[in-house]
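To start, the structure under review is shown below, and the notes come after it.
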Amino acid sequence: MNLFTARLTGKMLSTDAFEQAVKDMQERVKRWREIEKSPELAEYNELKKVVESTDFQERKNLLEKRKYKDTDEGKKMSAFERLSSTLRIKGYKYALKNETFQAFLKFRETDAFQNTESDAVSASERRMYNMIYRSAFYKNYQKVLASPELKQLEALETEIHTEDFQKRNAFWADSKRWEHSEEYKTYRRYQELANSENIKFYYAQREEKIDWAELFRPAFEDDMSTNKNWKAGYGYANPAMKDGHSRTSERQAYNGGKNTFFAEGRMDIETREESKKAVAWDEKKGFTEHVFEYTSDVMNTREAFSQESGMFMAKVRSQGAGHHFFGLSSGKPGAPMVALYHYNGDVHQLGLVDGNRTQMADLTGVLRSMYHVYTFRWTKNELIWYVNNLEILRLRNSLPKEAMFMLAQSFLPGNEKGGEGKLKVQWAKVFRSVDI
C-alpha cells in the first residue's frame, strides 16, 4: 500500500486530521449516549408514537378538513336557523310577543269566549274576537302549535342553549379549531422536540459512524509522560525464562531499560553504538555470554495492561538504522505476535507474525519523519490493520487465542549493516472489545 498516493488522493487523512476525527467521534458518541438516556428523547419517542398513530392522524385530518356544516352541531344550528326563518314560525313567534294576541289567548280561556254576543263581553273584546279569531294569523298559530316542526324547533332550541352544546358548537364553528385543540398542543410539542438540536443531532448520526465510534471506549491509555506502564524485557509468561535477552544472531544487547527515555511526551527507544557483554541466546549453544557492539531495549506493558480482543492504537515513527517494532505479544515463545508497526531496515510493514505463517503487508511512500497512527482491531471473526483511517490488511485466520500486551523494541539483525536509530512512540491507547 502506497501511503503517499493515499494521502495525495485524499483516501488517507493526515495524522493530525485523523486524531481530531477520532476525538470528534468520541465527543459525538458521548453526546449521542447522553441524549439517548435523556427525558427529552424519551418524550419525543412517546409523542412520535402518538402523532404517527392512525387514530391521531385521523383526528388531525378531521379537525383540519371537516367542514362546520357537516358536523352534528353545524347541522343542528342549520336546522334551527332554517325552521326559525320560515314565515309560519316567524308568525307564531310574533304572536307570542304580541300583546293583543296574548290578550286574545287569555280571553279565549274565559266562558265569555264561547258566547261573544252576551252582555258580559265588552265591545273591545268583541272587536278583538272579530279581528283575530277568523284571521289567517290565528289559523297559522294553531297549525304551528300542533306541528312537528314546532316540536323539533323547541327541542333544538333547548339543546343549543345548553352550555355543553355551545362549547361544542363554538369549537366546531371555529375555523382555527385545529390550532385550538389539545391534539395541536401535542403536535406542536412533538414538532418542537423534532426540531431541537439534540434530537436532530441524535437521528442525523449515521448508524455505522456511531458503531465505529463505539469502539473508542478507552481501556488503557499512556501519553508516555512517565515509564510507569513499561518494564524492560519481553514480558515472558514463564518467570523462569531469561527475560530481556538478545540473540547471538543480532548486533545489539538489550540494556534493561537504560536505552529507553520518556521525555517531551513520547517514549524513545535508542539503539546506540557501544560495546556490551550480555547473556544471549544461541541456536546451538543455548544461553551464553556474548559481546555486542550496540545496545538497545525491548519494553513491555505486561504488568500494567493486557487484553484479549478490542482495538489497539499507537502513534509511532522511527529514525536511523536498524529494525523498529511496536506491537502485541502474549509473552509465550512461538505464539502469534501482532505488528502494528515494523520498520525492517528497508520498508515499513504491519501484520501477523505467526511462526512459518507470517502474514505482513508492506507500506511504501512512508515519510519516516512523520508520525502515523497505527491501529489494530481484533474481533471474534477477524483482524484488521489501519494506518490513520486507511484500512491496510484484513485477516480471518490465525486469530490469537489469549490476552496480549504491548511490546516495543529496536534491534539490529546480524546480517545487516549496523547503525544508530530510534523508535519513537508518542502515545498508545487500547479500547475495550466491541464487535460490530
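By convention in this document, the chains of the C-alpha cells carry letters A, B, ... by their order, each chain's residues are numbered from 1, and ligands are numbered from 1 in the order they are shown.
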Please provide as an MDAnalysis selection string all residues within 9 Å of Thr260 in chain A, with the sequence filter that same-chain residues fewer than 4 positions apart are discarded (counting only C-alpha atoms). chainID A and resid 227 232 255:256 267:270 296:299
Please identify all polymer residues within 10 Å of Leu395 in chain A, counting only C-alpha atoms, omitting same-chain residues fewer than 6 positions from it, and present them as a PyMOL selection string. chain A and resi 351-352+359+378+381-385
Kindly export the residues of the current selection with N, CA and C atoms, as a PDB file, in the first residue's frame.
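Saved as part08.pdb:
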ATOM      1  N   GLY A 351       1.231  -6.454  10.292  1.00  0.00           N
ATOM      2  CA  GLY A 351       0.600  -7.744  10.056  1.00  0.00           C
ATOM      3  C   GLY A 351       0.775  -8.693  11.216  1.00  0.00           C
ATOM      4  N   LEU A 352       0.722  -9.986  10.910  1.00  0.00           N
ATOM      5  CA  LEU A 352       0.736 -11.042  11.921  1.00  0.00           C
ATOM      6  C   LEU A 352       2.004 -11.870  11.787  1.00  0.00           C
ATOM      7  N   GLN A 359       2.232 -13.197   8.042  1.00  0.00           N
ATOM      8  CA  GLN A 359       1.428 -12.516   7.011  1.00  0.00           C
ATOM      9  C   GLN A 359       1.581 -11.012   7.226  1.00  0.00           C
ATOM     10  N   TRP A 378      -9.164  -6.244  16.690  1.00  0.00           N
ATOM     11  CA  TRP A 378      -9.176  -7.689  16.923  1.00  0.00           C
ATOM     12  C   TRP A 378     -10.587  -8.065  17.353  1.00  0.00           C
ATOM     13  N   ASN A 381     -14.018 -12.525  14.805  1.00  0.00           N
ATOM     14  CA  ASN A 381     -14.023 -13.126  13.472  1.00  0.00           C
ATOM     15  C   ASN A 381     -12.841 -12.742  12.603  1.00  0.00           C
ATOM     16  N   GLU A 382     -12.192 -11.605  12.910  1.00  0.00           N
ATOM     17  CA  GLU A 382     -11.153 -11.143  12.001  1.00  0.00           C
ATOM     18  C   GLU A 382     -10.190 -10.177  12.682  1.00  0.00           C
ATOM     19  N   LEU A 383      -9.087  -9.943  11.981  1.00  0.00           N
ATOM     20  CA  LEU A 383      -8.071  -8.990  12.405  1.00  0.00           C
ATOM     21  C   LEU A 383      -7.944  -7.933  11.311  1.00  0.00           C
ATOM     22  N   ILE A 384      -7.892  -6.659  11.717  1.00  0.00           N
ATOM     23  CA  ILE A 384      -7.847  -5.574  10.739  1.00  0.00           C
ATOM     24  C   ILE A 384      -6.779  -4.569  11.168  1.00  0.00           C
ATOM     25  N   TRP A 385      -5.971  -4.138  10.196  1.00  0.00           N
ATOM     26  CA  TRP A 385      -4.937  -3.150  10.454  1.00  0.00           C
ATOM     27  C   TRP A 385      -5.243  -1.869   9.670  1.00  0.00           C
TER      28      TRP A 385
END
Which residues come within 12 Å of range 39-47 of chain A, counting only C-alpha atoms, excluding same-chain residues fewer than 2 positions away, as number ranges by chain? A: 32-37, 49-53, 56, 183-203
All residues 9 Å or closer to Leu412 in chain A, only C-alpha atoms, same chain fewer than 3 positions away omitted, as a PyMOL selection string: chain A and resi 250-252+271+294+296+321-324+345+415-419
Option closest in space to Leu423 in chain A, from A:Thr301, A:Thr54, A:Asn259, A:Asn389 [counting only C-alpha atoms]: A:Asn259
Pull the strand (DSSP E) assignments for range 264-301 of chain A out of DSSP run on the backbone, and list those residues as a ChimeraX atom specification. /A:266-282,286-296,298-300
Just-selected residues, C-alpha atoms written as a PDB file, in the first residue's frame:
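This is the output file again_27.pdb:
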ATOM      1  CA  ARG A 266       6.978  10.362  23.993  1.00  0.00           C
ATOM      2  CA  MET A 267       8.903   7.162  24.581  1.00  0.00           C
ATOM      3  CA  ASP A 268      12.184   6.840  22.676  1.00  0.00           C
ATOM      4  CA  ILE A 269      13.991   3.511  22.446  1.00  0.00           C
ATOM      5  CA  GLU A 270      17.512   4.207  21.241  1.00  0.00           C
ATOM      6  CA  THR A 271      19.905   1.851  19.502  1.00  0.00           C
ATOM      7  CA  ARG A 272      23.386   3.143  20.337  1.00  0.00           C
ATOM      8  CA  GLU A 273      26.831   2.141  19.193  1.00  0.00           C
ATOM      9  CA  GLU A 274      28.503   0.945  22.389  1.00  0.00           C
ATOM     10  CA  SER A 275      30.076  -2.344  23.434  1.00  0.00           C
ATOM     11  CA  LYS A 276      28.323  -4.513  25.997  1.00  0.00           C
ATOM     12  CA  LYS A 277      28.730  -8.091  27.207  1.00  0.00           C
ATOM     13  CA  ALA A 278      25.380  -9.740  27.910  1.00  0.00           C
ATOM     14  CA  VAL A 279      23.608 -13.085  28.135  1.00  0.00           C
ATOM     15  CA  ALA A 280      22.312 -14.078  24.694  1.00  0.00           C
ATOM     16  CA  TRP A 281      20.505 -16.988  23.140  1.00  0.00           C
ATOM     17  CA  ASP A 282      22.444 -19.095  20.663  1.00  0.00           C
ATOM     18  CA  GLY A 286      21.624 -22.073  24.274  1.00  0.00           C
ATOM     19  CA  PHE A 287      22.232 -19.176  26.647  1.00  0.00           C
ATOM     20  CA  THR A 288      25.770 -17.905  26.576  1.00  0.00           C
ATOM     21  CA  GLU A 289      27.677 -14.690  27.196  1.00  0.00           C
ATOM     22  CA  HIS A 290      28.245 -12.608  24.104  1.00  0.00           C
ATOM     23  CA  VAL A 291      29.883  -9.281  23.347  1.00  0.00           C
ATOM     24  CA  PHE A 292      27.697  -6.900  21.357  1.00  0.00           C
ATOM     25  CA  GLU A 293      28.756  -3.699  19.605  1.00  0.00           C
ATOM     26  CA  TYR A 294      25.379  -1.953  20.084  1.00  0.00           C
ATOM     27  CA  THR A 295      22.855  -1.542  22.886  1.00  0.00           C
ATOM     28  CA  SER A 296      19.107  -1.093  22.680  1.00  0.00           C
ATOM     29  CA  VAL A 298      12.819  -4.161  24.455  1.00  0.00           C
ATOM     30  CA  MET A 299       9.922  -2.863  26.607  1.00  0.00           C
ATOM     31  CA  ASN A 300       6.504  -4.271  27.528  1.00  0.00           C
TER      32      ASN A 300
END
For Glu154 in chain A, which residue among A:Val29, A:Met313, A:His372, A:Ser84 is the nearest when counting only C-alpha atoms? A:Ser84
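Comparing the minimum interatomic distances between Ala136 in chain A and each of A:Lys380, A:His348, A:Arg177, A:Arg88, counting only C-alpha atoms, we find that A:Arg88 sits nearest.
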Could you pull out the alpha helix (DSSP H) residues of range 93-186 of chain A from DSSP and send them as a CSV table (one decimal) with N, CA and C atoms, in the first residue's frame?
chain,number,residue,atom,x,y,z
A,93,LYS,N,-94.0,33.1,16.4
A,93,LYS,CA,-93.2,33.7,17.4
A,93,LYS,C,-93.6,35.2,17.6
A,94,TYR,N,-94.1,35.8,16.5
A,94,TYR,CA,-94.6,37.2,16.7
A,94,TYR,C,-95.8,37.2,17.5
A,95,ALA,N,-96.7,36.2,17.3
A,95,ALA,CA,-97.9,36.1,18.0
A,95,ALA,C,-97.6,35.9,19.5
A,96,LEU,N,-96.6,35.2,19.9
A,96,LEU,CA,-96.2,35.0,21.3
A,96,LEU,C,-95.8,36.3,22.0
A,97,LYS,N,-95.3,37.3,21.2
A,97,LYS,CA,-94.8,38.5,21.7
A,97,LYS,C,-95.9,39.6,21.6
A,99,GLU,N,-99.0,41.8,22.3
A,99,GLU,CA,-99.8,42.0,23.5
A,99,GLU,C,-101.3,41.7,23.2
A,100,THR,N,-101.7,42.2,22.0
A,100,THR,CA,-103.1,42.0,21.6
A,100,THR,C,-103.4,40.5,21.5
A,101,PHE,N,-102.6,39.8,20.8
A,101,PHE,CA,-102.8,38.4,20.6
A,101,PHE,C,-102.7,37.6,22.0
A,102,GLN,N,-101.8,38.1,22.9
A,102,GLN,CA,-101.7,37.4,24.2
A,102,GLN,C,-103.0,37.7,25.0
A,103,ALA,N,-103.6,38.8,24.8
A,103,ALA,CA,-104.9,39.1,25.4
A,103,ALA,C,-106.0,38.3,24.9
A,104,PHE,N,-105.9,38.1,23.5
A,104,PHE,CA,-106.9,37.2,22.9
A,104,PHE,C,-106.8,35.8,23.4
A,105,LEU,N,-105.6,35.3,23.6
A,105,LEU,CA,-105.4,34.0,24.2
A,105,LEU,C,-106.0,33.8,25.6
A,106,LYS,N,-105.8,34.9,26.3
A,106,LYS,CA,-106.4,34.9,27.7
A,106,LYS,C,-108.0,34.9,27.6
A,107,PHE,N,-108.5,35.7,26.7
A,107,PHE,CA,-109.9,35.8,26.5
A,107,PHE,C,-110.5,34.5,26.1
A,108,ARG,N,-109.7,33.8,25.3
A,108,ARG,CA,-110.1,32.5,24.7
A,108,ARG,C,-110.4,31.5,25.8
A,123,ALA,N,-117.2,45.6,24.4
A,123,ALA,CA,-117.1,46.0,22.9
A,123,ALA,C,-115.7,45.7,22.5
A,124,SER,N,-114.7,46.0,23.3
A,124,SER,CA,-113.2,45.9,22.9
A,124,SER,C,-112.9,44.4,22.7
A,125,GLU,N,-113.5,43.6,23.6
A,125,GLU,CA,-113.2,42.1,23.5
A,125,GLU,C,-113.9,41.6,22.2
A,126,ARG,N,-115.1,42.1,21.9
A,126,ARG,CA,-115.8,41.7,20.7
A,126,ARG,C,-115.0,42.1,19.5
A,127,ARG,N,-114.5,43.3,19.5
A,127,ARG,CA,-113.6,43.7,18.3
A,127,ARG,C,-112.4,42.8,18.2
A,128,MET,N,-111.8,42.5,19.3
A,128,MET,CA,-110.6,41.7,19.3
A,128,MET,C,-110.9,40.3,18.7
A,129,TYR,N,-112.0,39.8,19.2
A,129,TYR,CA,-112.5,38.5,18.7
A,129,TYR,C,-112.7,38.5,17.2
A,130,ASN,N,-113.5,39.5,16.7
A,130,ASN,CA,-113.8,39.6,15.3
A,130,ASN,C,-112.5,39.7,14.5
A,131,MET,N,-111.5,40.4,15.1
A,131,MET,CA,-110.3,40.7,14.3
A,131,MET,C,-109.4,39.5,14.3
A,132,ILE,N,-109.3,38.8,15.3
A,132,ILE,CA,-108.3,37.7,15.4
A,132,ILE,C,-108.8,36.3,15.1
A,136,ALA,N,-106.1,34.8,9.4
A,136,ALA,CA,-105.1,33.8,8.9
A,136,ALA,C,-104.0,33.7,10.0
A,137,PHE,N,-103.8,34.8,10.7
A,137,PHE,CA,-102.7,34.9,11.7
A,137,PHE,C,-103.0,33.9,12.8
A,138,TYR,N,-104.3,33.8,13.2
A,138,TYR,CA,-104.7,32.9,14.3
A,138,TYR,C,-104.6,31.4,13.8
A,139,LYS,N,-105.1,31.3,12.5
A,139,LYS,CA,-105.0,29.9,11.9
A,139,LYS,C,-103.6,29.4,11.8
A,140,ASN,N,-102.6,30.3,11.5
A,140,ASN,CA,-101.2,29.9,11.4
A,140,ASN,C,-100.7,29.5,12.8
A,141,TYR,N,-101.2,30.3,13.8
A,141,TYR,CA,-100.8,30.0,15.2
A,141,TYR,C,-101.2,28.6,15.6
A,142,GLN,N,-102.4,28.3,15.3
A,142,GLN,CA,-103.0,27.0,15.6
A,142,GLN,C,-102.3,25.8,14.9
A,143,LYS,N,-102.0,26.0,13.6
A,143,LYS,CA,-101.3,25.0,12.8
A,143,LYS,C,-99.9,24.7,13.3
A,144,VAL,N,-99.2,25.9,13.6
A,144,VAL,CA,-97.8,25.7,14.1
A,144,VAL,C,-97.8,25.0,15.4
A,145,LEU,N,-98.8,25.4,16.3
A,145,LEU,CA,-98.8,24.9,17.6
A,145,LEU,C,-98.9,23.4,17.6
A,148,PRO,N,-95.2,19.2,13.9
A,148,PRO,CA,-94.0,18.5,14.4
A,148,PRO,C,-92.8,19.5,14.2
A,149,GLU,N,-92.9,20.5,13.3
A,149,GLU,CA,-91.8,21.4,13.2
A,149,GLU,C,-91.6,22.2,14.5
A,150,LEU,N,-92.7,22.6,15.1
A,150,LEU,CA,-92.5,23.3,16.4
A,150,LEU,C,-91.9,22.5,17.5
A,151,LYS,N,-92.3,21.2,17.5
A,151,LYS,CA,-91.6,20.3,18.5
A,151,LYS,C,-90.1,20.2,18.2
A,152,GLN,N,-89.8,20.1,16.9
A,152,GLN,CA,-88.4,19.9,16.5
A,152,GLN,C,-87.6,21.2,16.9
A,153,LEU,N,-88.3,22.4,16.6
A,153,LEU,CA,-87.6,23.6,16.9
A,153,LEU,C,-87.4,23.8,18.4
A,154,GLU,N,-88.4,23.5,19.1
A,154,GLU,CA,-88.3,23.7,20.6
A,154,GLU,C,-87.2,22.8,21.2
A,155,ALA,N,-87.2,21.5,20.6
A,155,ALA,CA,-86.1,20.6,21.1
A,155,ALA,C,-84.7,21.1,20.7
A,156,LEU,N,-84.6,21.7,19.5
A,156,LEU,CA,-83.3,22.2,19.1
A,156,LEU,C,-83.0,23.4,19.9
A,157,GLU,N,-84.0,24.3,20.2
A,157,GLU,CA,-83.7,25.5,20.9
A,157,GLU,C,-83.3,25.2,22.4
A,158,THR,N,-83.9,24.1,22.9
A,158,THR,CA,-83.5,23.7,24.3
A,158,THR,C,-82.0,23.2,24.3
A,159,GLU,N,-81.7,22.4,23.2
A,159,GLU,CA,-80.4,21.8,23.2
A,159,GLU,C,-79.3,22.9,22.9
A,160,ILE,N,-79.5,23.7,22.0
A,160,ILE,CA,-78.5,24.7,21.6
A,160,ILE,C,-78.2,25.7,22.6
A,163,GLU,N,-75.0,24.7,27.9
A,163,GLU,CA,-73.6,25.1,28.0
A,163,GLU,C,-72.7,24.1,27.2
A,164,ASP,N,-73.0,22.8,27.3
A,164,ASP,CA,-72.2,21.8,26.6
A,164,ASP,C,-72.3,22.0,25.1
A,165,PHE,N,-73.5,22.2,24.6
A,165,PHE,CA,-73.7,22.4,23.1
A,165,PHE,C,-73.0,23.6,22.6
A,166,GLN,N,-73.1,24.7,23.4
A,166,GLN,CA,-72.5,26.0,23.0
A,166,GLN,C,-71.0,25.8,22.9
A,167,LYS,N,-70.4,25.1,23.8
A,167,LYS,CA,-69.0,24.9,23.8
A,167,LYS,C,-68.6,24.1,22.6
A,168,ARG,N,-69.3,23.0,22.3
A,168,ARG,CA,-69.0,22.1,21.2
A,168,ARG,C,-69.2,22.9,19.9
A,169,ASN,N,-70.3,23.7,19.8
A,169,ASN,CA,-70.6,24.4,18.6
A,169,ASN,C,-69.5,25.5,18.4
A,170,ALA,N,-69.1,26.2,19.4
A,170,ALA,CA,-68.1,27.2,19.3
A,170,ALA,C,-66.8,26.6,18.8
A,171,PHE,N,-66.5,25.4,19.2
A,171,PHE,CA,-65.3,24.7,18.8
A,171,PHE,C,-65.3,24.3,17.3
A,172,TRP,N,-66.4,23.7,16.9
A,172,TRP,CA,-66.5,23.3,15.5
A,172,TRP,C,-66.8,24.4,14.6
A,173,ALA,N,-67.3,25.5,15.0
A,173,ALA,CA,-67.6,26.7,14.2
A,173,ALA,C,-66.3,27.5,14.0
A,182,GLU,N,-56.4,20.2,21.8
A,182,GLU,CA,-55.4,19.6,22.7
A,182,GLU,C,-54.5,18.8,21.8
A,183,GLU,N,-55.0,18.2,20.8
A,183,GLU,CA,-54.1,17.5,19.8
A,183,GLU,C,-53.0,18.4,19.2
A,184,TYR,N,-53.4,19.6,18.9
A,184,TYR,CA,-52.5,20.5,18.4
A,184,TYR,C,-51.3,20.8,19.3
A,185,LYS,N,-51.7,20.9,20.6
A,185,LYS,CA,-50.6,21.1,21.6
A,185,LYS,C,-49.7,20.0,21.6
A,186,THR,N,-50.2,18.8,21.5
A,186,THR,CA,-49.4,17.6,21.5
A,186,THR,C,-48.5,17.6,20.2
Excluding same-chain residues fewer than 3 positions from Ala361 in chain A, what lies within 12 Å of it counting only C-alpha atoms, as a compact mmCIF listing (two decimals) with C-alpha atoms, in the first residue's frame?
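result-v4.txt, written as the output of this step:
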# COMPACT_ATOMS: atom_id res chain seq x y z
CA MET A 1 0.00 0.00 0.00
CA ASN A 2 1.47 3.33 -1.06
CA ALA A 339 2.92 -5.93 14.35
CA LEU A 340 1.13 -2.60 14.44
CA TYR A 341 4.34 -1.01 13.20
CA HIS A 342 7.53 -2.59 11.93
CA TYR A 343 10.36 -0.94 10.06
CA VAL A 347 10.25 -0.85 4.27
CA HIS A 348 7.51 -0.35 6.80
CA GLN A 349 5.27 -3.33 7.48
CA LEU A 350 2.34 -4.43 9.58
CA GLY A 351 0.60 -7.74 10.06
CA LEU A 352 0.74 -11.04 11.92
CA VAL A 353 3.94 -12.83 12.94
CA THR A 358 3.87 -14.76 8.88
CA THR A 364 5.53 2.30 0.74
CA ILE A 384 -7.85 -5.57 10.74
CA TRP A 385 -4.94 -3.15 10.45
CA TYR A 386 -5.14 0.55 9.65
CA VAL A 387 -2.78 3.46 9.11
CA GLU A 391 -7.52 0.02 6.05
CA ILE A 392 -4.37 -1.87 5.06
CA LEU A 393 -4.84 -5.53 5.91
CA ARG A 394 -7.66 -7.85 6.93
CA LEU A 395 -7.18 -11.47 8.02
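CA of Gly365 in chain A lies 23.1 Å from CA of Arg377 in chain A.
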So which one's closest to Arg368 in chain A, A:Ser318, A:Ser410, A:Asn98, A:Asn61? Using only C-alpha atoms, please. A:Ser318
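Taking CA of Gly74 in chain A and CA of Ser175 in chain A as endpoints, the distance between them is 12.7 Å.
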